[in-house]
Amino acid sequence: MKAIIPAAGLGTRFLPATRCMPKELLPVLDKPILQYVVEEALEPEGVDGVVIVNSREKPQIEQYFSVDEDFENMLRERGKGEAADRVHEASTLPVSFVYQDNPRGLGHAVHCAADKIDGEPFFVLLGDYFVPDKQMCVRMAQVSREHDGASVIAVAPVPEDQVSRYGIIAGQCVGHLDGAKDGEEEEGAVWKVTGLVEKPKPEDAPSHLFIVGRYLLSPRIMELLATQAPGAGNEIQLTDSMQRLLAEEEMFALVVDPAEGCDTGTPAAWAATNARMALKSPQTAEAFHEAFGDKALG
């Protein structure tokens with residue numbers, strides 16, 4: 001089974017920094033954002049590779065995941081063996097690349113990897129959000145197994161006055177993961193999806209649950225994307241093909257806590273994620289407090 005990570009975007013929110021450096025390689029502490037997402041994607045049982053949908057204008061991404069023996073040897077010669085090990089670990093992750101030469105939306109990006117999935121179900125992970133404990137996709141795979149291999153999406157509750165900003169699911173709660181609290185929109189609730197509504201008015205919203213950016217999809221979706229007409233923004237929308245899939249196959253949604261993950265989609269969110277991760281790590285928390293200063297933290 002493969003996981004697909006779209007990474008061909010221009011990163012315009014981070015300009016001018018992303019003029020020369022892909023947004024996906026911006027660091028969170030000592031690792032690029034993209035490496036966190038790759039490691040998360042590899043966590044579920046059965047995932048044996050990650051396909052990054054890249055742009056040819058961002059060769060730095062492929063270079064990062066390539067072995068550089070000269071650089072590693074130089075580090076070891078200078079007594080930096082631990083750093084060399086970390087560099088080597090990143091470069092040997094099971095990552096392959098396809099290219100999106102003409103960006104036409106998320107659905108188009110996913111379909112660029114069609115030849116890589118070998119007719120199997122596959123994950124899609126959006127690259128501006130990562131889950132430090134890497135368990136969200138693991139739980140989604142569990143839900144899929146419990147429902148005969150059906151597609152599963154991660155969803156989270158949003159306040160009623162904000163539903164018009166998101167794609168919202170329609171459906172009904174059909175159960176909960178073990179240990180989850182009761183409640184249809186509580187973390188761990190499992191929904192059977194009957195529809196996907198893009199940016200509904202609050203009074204028309206079928207639920208308050210929006211797609212978080214983690215998908216486990218049937219291989220049939222690739223066939224549907226191949227014939228998908230352009231939708232919003234004149235782009236090939238993944239949700240449009242998912243809506244078509246619902247006419248043929250069951251789909252489920254797992255309610256998650258969005259705070260389980262770390263947002264890196266804007267400069268402010270990326271900065272906050274760095275702070276959150278620095279405070280969480282025993283190796284950096286004390287130094288972060290010292291560097292930030294007690295007055296600033298107060």
# chains A, B, ... in the order shown; residues from 1 in each chain; ligands from 1

$ residues_around --residues "A:Pro206" --least-positions-apart "3" --cutoff "9 Å" --atoms "only C-alpha atoms" --output "VMD selection string"
chain A and resid 168 to 171 195 197 200 202 to 203 209

$ select_by_dssp --residues "stretch 180-281 of chain A" --states "helix (DSSP H, G or I)" --output "PyMOL selection string"
chain A and resi 202-204+220-226+232-234+238-245+258-260+267-280

$ select_by_dssp --residues "stretch 197-251 of chain A" --states "strand (DSSP E or B)" --output "PyMOL selection string"
chain A and resi 197-198+209-217+251

$ residues_around --residues "stretch 31-33 of chain A" --least-positions-apart "4" --cutoff "12 Å" --atoms "only C-alpha atoms" --output "PyMOL selection string"
chain A and resi 5+7+21-27+37-40+60-61+64-65+83+86-87+89-90+126-132+262-265+270-271+273-274+277

$ write_last_selection --atoms "C-alpha atoms" --output "mmCIF file, in the first residue's frame"
data_model
loop_
_atom_site.group_PDB
_atom_site.id
_atom_site.type_symbol
_atom_site.label_atom_id
_atom_site.label_comp_id
_atom_site.auth_asym_id
_atom_site.auth_seq_id
_atom_site.Cartn_x
_atom_site.Cartn_y
_atom_site.Cartn_z
ATOM 1 C CA ILE A 5 1.680 13.460 -0.440
ATOM 2 C CA ALA A 7 3.899 18.793 -2.671
ATOM 3 C CA MET A 21 13.308 27.044 -0.670
ATOM 4 C CA PRO A 22 10.259 24.775 -0.949
ATOM 5 C CA LYS A 23 7.758 25.356 1.823
ATOM 6 C CA GLU A 24 7.754 21.614 2.509
ATOM 7 C CA LEU A 25 11.418 21.805 3.546
ATOM 8 C CA LEU A 26 10.945 24.587 6.081
ATOM 9 C CA PRO A 27 12.124 23.173 9.421
ATOM 10 C CA VAL A 37 4.461 13.879 7.102
ATOM 11 C CA VAL A 38 6.414 11.082 5.379
ATOM 12 C CA GLU A 39 7.118 9.377 8.716
ATOM 13 C CA GLU A 40 3.447 9.681 9.675
ATOM 14 C CA GLN A 60 15.544 20.361 -3.541
ATOM 15 C CA ILE A 61 12.830 17.989 -2.260
ATOM 16 C CA TYR A 64 16.766 15.953 0.435
ATOM 17 C CA PHE A 65 15.516 12.362 0.246
ATOM 18 C CA ALA A 83 24.156 14.126 12.782
ATOM 19 C CA ARG A 86 20.026 11.519 11.129
ATOM 20 C CA VAL A 87 20.874 12.677 7.619
ATOM 21 C CA GLU A 89 17.927 8.050 8.032
ATOM 22 C CA ALA A 90 16.044 10.780 6.161
ATOM 23 C CA LEU A 126 -1.872 16.933 2.836
ATOM 24 C CA GLY A 127 1.541 18.313 3.573
ATOM 25 C CA ASP A 128 0.752 21.414 5.632
ATOM 26 C CA TYR A 129 -0.389 19.428 8.675
ATOM 27 C CA PHE A 130 1.350 16.613 10.530
ATOM 28 C CA VAL A 131 0.469 14.453 13.546
ATOM 29 C CA PRO A 132 3.432 14.048 15.940
ATOM 30 C CA CYS A 262 0.314 20.571 13.943
ATOM 31 C CA ASP A 263 -0.653 23.153 11.336
ATOM 32 C CA THR A 264 2.105 24.613 9.163
ATOM 33 C CA GLY A 265 -0.055 26.172 6.455
ATOM 34 C CA TRP A 270 4.295 27.344 11.333
ATOM 35 C CA ALA A 271 5.858 29.572 14.014
ATOM 36 C CA THR A 273 4.038 24.735 15.652
ATOM 37 C CA ASN A 274 7.766 25.269 16.167
ATOM 38 C CA MET A 277 7.147 21.217 19.431
#

$ closest_atom_pairs --of "stretch 74-187 of chain A" --to "stretch 232-240 of chain A" --cutoff "12 Å" --atoms "only C-alpha atoms" --output "tab-separated table"
residue	atom	partner	partner_atom	distance
A:Asn102	CA	A:Glu235	CA	10.8
A:Pro103	CA	A:Glu235	CA	8.5
A:Arg104	CA	A:Glu235	CA	4.9
A:Gly105	CA	A:Glu235	CA	4.9
A:Leu106	CA	A:Gln237	CA	5.8
A:Gly107	CA	A:Leu238	CA	4.0
A:His108	CA	A:Ile236	CA	5.4
A:Ala109	CA	A:Ile236	CA	8.6
A:Val110	CA	A:Leu238	CA	7.9
A:His111	CA	A:Leu238	CA	9.2
A:Cys112	CA	A:Ile236	CA	11.6
A:Val124	CA	A:Leu238	CA	10.5
A:Ile153	CA	A:Thr239	CA	11.0
A:Tyr166	CA	A:Thr239	CA	11.6
A:Gly167	CA	A:Thr239	CA	8.4
A:Ile168	CA	A:Thr239	CA	10.4
A:Ile169	CA	A:Thr239	CA	10.4

$ write_last_selection --atoms "C-alpha atoms" --output "mmCIF file, in the first residue's frame"
data_model
loop_
_atom_site.group_PDB
_atom_site.id
_atom_site.type_symbol
_atom_site.label_atom_id
_atom_site.label_comp_id
_atom_site.auth_asym_id
_atom_site.auth_seq_id
_atom_site.Cartn_x
_atom_site.Cartn_y
_atom_site.Cartn_z
ATOM 1 C CA ASN A 102 0.440 21.473 -14.917
ATOM 2 C CA PRO A 103 -1.116 22.054 -11.460
ATOM 3 C CA ARG A 104 -4.895 21.708 -11.735
ATOM 4 C CA GLY A 105 -6.046 21.060 -8.188
ATOM 5 C CA LEU A 106 -5.785 18.404 -5.508
ATOM 6 C CA GLY A 107 -7.604 15.760 -7.526
ATOM 7 C CA HIS A 108 -5.206 16.271 -10.414
ATOM 8 C CA ALA A 109 -2.226 16.014 -8.062
ATOM 9 C CA VAL A 110 -3.484 12.724 -6.600
ATOM 10 C CA HIS A 111 -4.126 11.294 -10.061
ATOM 11 C CA CYS A 112 -0.521 12.020 -11.062
ATOM 12 C CA VAL A 124 -3.477 10.844 0.885
ATOM 13 C CA ILE A 153 -11.635 10.229 5.780
ATOM 14 C CA TYR A 166 -15.128 24.193 4.641
ATOM 15 C CA GLY A 167 -16.250 21.052 2.888
ATOM 16 C CA ILE A 168 -18.748 19.410 5.264
ATOM 17 C CA ILE A 169 -19.845 15.778 5.342
#

$ atom_distance --atom1 "atom CA of A:Phe14" --atom2 "atom CA of A:Glu57"
16.1 Å

$ atom_distance --atom1 "atom CA of A:Leu34" --atom2 "atom CA of A:Glu223"
27.4 Å

$ residues_around --residues "A:Met242" --least-positions-apart "3" --cutoff "10 Å" --atoms "only C-alpha atoms" --output "list in words"
Gly107, Ser151, Gly195, Leu196, Leu217, Ser218, Arg220, Ile221, Leu224, Leu225, Gln237, Leu238, Thr239, Leu245, Leu246, Ala247, Glu249 and Met251 of chain A

$ residues_around --residues "stretch 185-193 of chain A" --least-positions-apart "3" --cutoff "6 Å" --atoms "only C-alpha atoms" --output "PyMOL selection string"
chain A and resi 170-177+180+251-257

$ atom_distance --atom1 "atom CA of A:Asp182" --atom2 "atom CA of A:Ala156"
15.2 Å

$ closest_residue --among "A:Ala41, A:Val138, A:Ala287, A:Val98" --to "A:Phe123" --atoms "only C-alpha atoms"
A:Ala41

$ decode --residues "stretch 111-198 of chain A" --atoms "C-alpha atoms" --output "mmCIF file, in the first residue's frame"
data_model
loop_
_atom_site.group_PDB
_atom_site.id
_atom_site.type_symbol
_atom_site.label_atom_id
_atom_site.label_comp_id
_atom_site.auth_asym_id
_atom_site.auth_seq_id
_atom_site.Cartn_x
_atom_site.Cartn_y
_atom_site.Cartn_z
ATOM 1 C CA HIS A 111 -4.126 11.294 -10.061
ATOM 2 C CA CYS A 112 -0.521 12.020 -11.062
ATOM 3 C CA ALA A 113 0.400 9.093 -8.787
ATOM 4 C CA ALA A 114 -2.133 6.671 -10.322
ATOM 5 C CA ASP A 115 0.532 4.387 -11.800
ATOM 6 C CA LYS A 116 2.205 4.005 -8.391
ATOM 7 C CA ILE A 117 -0.657 2.539 -6.338
ATOM 8 C CA ASP A 118 -0.809 -0.882 -8.044
ATOM 9 C CA GLY A 119 -4.593 -1.048 -7.867
ATOM 10 C CA GLU A 120 -4.579 -0.959 -4.059
ATOM 11 C CA PRO A 121 -6.187 1.390 -1.516
ATOM 12 C CA PHE A 122 -3.963 4.338 -0.691
ATOM 13 C CA PHE A 123 -3.591 7.168 1.782
ATOM 14 C CA VAL A 124 -3.477 10.844 0.885
ATOM 15 C CA LEU A 125 -1.865 13.186 3.405
ATOM 16 C CA LEU A 126 -1.872 16.933 2.836
ATOM 17 C CA GLY A 127 1.541 18.313 3.573
ATOM 18 C CA ASP A 128 0.752 21.414 5.632
ATOM 19 C CA TYR A 129 -0.389 19.428 8.675
ATOM 20 C CA PHE A 130 1.350 16.613 10.530
ATOM 21 C CA VAL A 131 0.469 14.453 13.546
ATOM 22 C CA PRO A 132 3.432 14.048 15.940
ATOM 23 C CA ASP A 133 2.325 10.701 17.408
ATOM 24 C CA LYS A 134 1.524 9.399 13.885
ATOM 25 C CA GLN A 135 -1.625 7.575 15.048
ATOM 26 C CA MET A 136 -4.394 9.304 13.088
ATOM 27 C CA CYS A 137 -3.859 7.256 9.908
ATOM 28 C CA VAL A 138 -3.428 4.124 12.016
ATOM 29 C CA ARG A 139 -6.918 4.623 13.461
ATOM 30 C CA MET A 140 -8.345 5.348 10.014
ATOM 31 C CA ALA A 141 -6.938 2.029 8.786
ATOM 32 C CA GLN A 142 -8.625 0.331 11.742
ATOM 33 C CA VAL A 143 -11.987 1.832 10.772
ATOM 34 C CA SER A 144 -11.463 0.673 7.180
ATOM 35 C CA ARG A 145 -10.704 -2.895 8.281
ATOM 36 C CA GLU A 146 -13.829 -2.931 10.436
ATOM 37 C CA HIS A 147 -15.933 -1.914 7.409
ATOM 38 C CA ASP A 148 -14.691 -4.335 4.752
ATOM 39 C CA GLY A 149 -11.903 -2.108 3.432
ATOM 40 C CA ALA A 150 -14.081 0.949 2.793
ATOM 41 C CA SER A 151 -12.654 4.403 2.184
ATOM 42 C CA VAL A 152 -12.195 6.497 5.333
ATOM 43 C CA ILE A 153 -11.635 10.229 5.780
ATOM 44 C CA ALA A 154 -10.619 12.132 8.894
ATOM 45 C CA VAL A 155 -13.056 14.856 9.973
ATOM 46 C CA ALA A 156 -13.261 17.295 12.838
ATOM 47 C CA PRO A 157 -15.978 19.537 14.309
ATOM 48 C CA VAL A 158 -16.058 23.209 13.438
ATOM 49 C CA PRO A 159 -18.246 25.922 15.042
ATOM 50 C CA GLU A 160 -21.554 26.467 13.291
ATOM 51 C CA ASP A 161 -20.648 29.996 12.195
ATOM 52 C CA GLN A 162 -17.581 28.650 10.352
ATOM 53 C CA VAL A 163 -19.061 25.764 8.343
ATOM 54 C CA SER A 164 -19.316 27.973 5.237
ATOM 55 C CA ARG A 165 -15.489 27.969 5.024
ATOM 56 C CA TYR A 166 -15.128 24.193 4.641
ATOM 57 C CA GLY A 167 -16.250 21.052 2.888
ATOM 58 C CA ILE A 168 -18.748 19.410 5.264
ATOM 59 C CA ILE A 169 -19.845 15.778 5.342
ATOM 60 C CA ALA A 170 -23.402 14.496 5.395
ATOM 61 C CA GLY A 171 -24.236 11.178 7.006
ATOM 62 C CA GLN A 172 -24.905 9.598 10.370
ATOM 63 C CA CYS A 173 -22.885 8.318 13.290
ATOM 64 C CA VAL A 174 -22.717 4.513 13.225
ATOM 65 C CA GLY A 175 -20.388 3.776 16.130
ATOM 66 C CA HIS A 176 -17.274 4.689 18.074
ATOM 67 C CA LEU A 177 -13.736 3.399 18.430
ATOM 68 C CA ASP A 178 -13.039 1.553 21.664
ATOM 69 C CA GLY A 179 -12.527 3.976 24.529
ATOM 70 C CA ALA A 180 -14.065 6.938 22.735
ATOM 71 C CA LYS A 181 -16.572 9.216 24.452
ATOM 72 C CA ASP A 182 -20.222 9.064 23.504
ATOM 73 C CA GLY A 183 -21.389 11.827 21.198
ATOM 74 C CA GLU A 184 -21.818 12.023 17.460
ATOM 75 C CA GLU A 185 -19.166 14.683 16.952
ATOM 76 C CA GLU A 186 -16.778 13.598 19.696
ATOM 77 C CA GLU A 187 -13.295 12.290 18.927
ATOM 78 C CA GLY A 188 -13.474 8.608 18.005
ATOM 79 C CA ALA A 189 -16.984 8.707 16.547
ATOM 80 C CA VAL A 190 -17.382 6.883 13.234
ATOM 81 C CA TRP A 191 -19.796 8.160 10.587
ATOM 82 C CA LYS A 192 -21.147 6.562 7.442
ATOM 83 C CA VAL A 193 -20.797 9.285 4.824
ATOM 84 C CA THR A 194 -23.694 9.941 2.461
ATOM 85 C CA GLY A 195 -22.568 13.207 0.912
ATOM 86 C CA LEU A 196 -19.977 15.974 0.765
ATOM 87 C CA VAL A 197 -21.191 19.566 0.743
ATOM 88 C CA GLU A 198 -18.753 22.313 -0.221
#
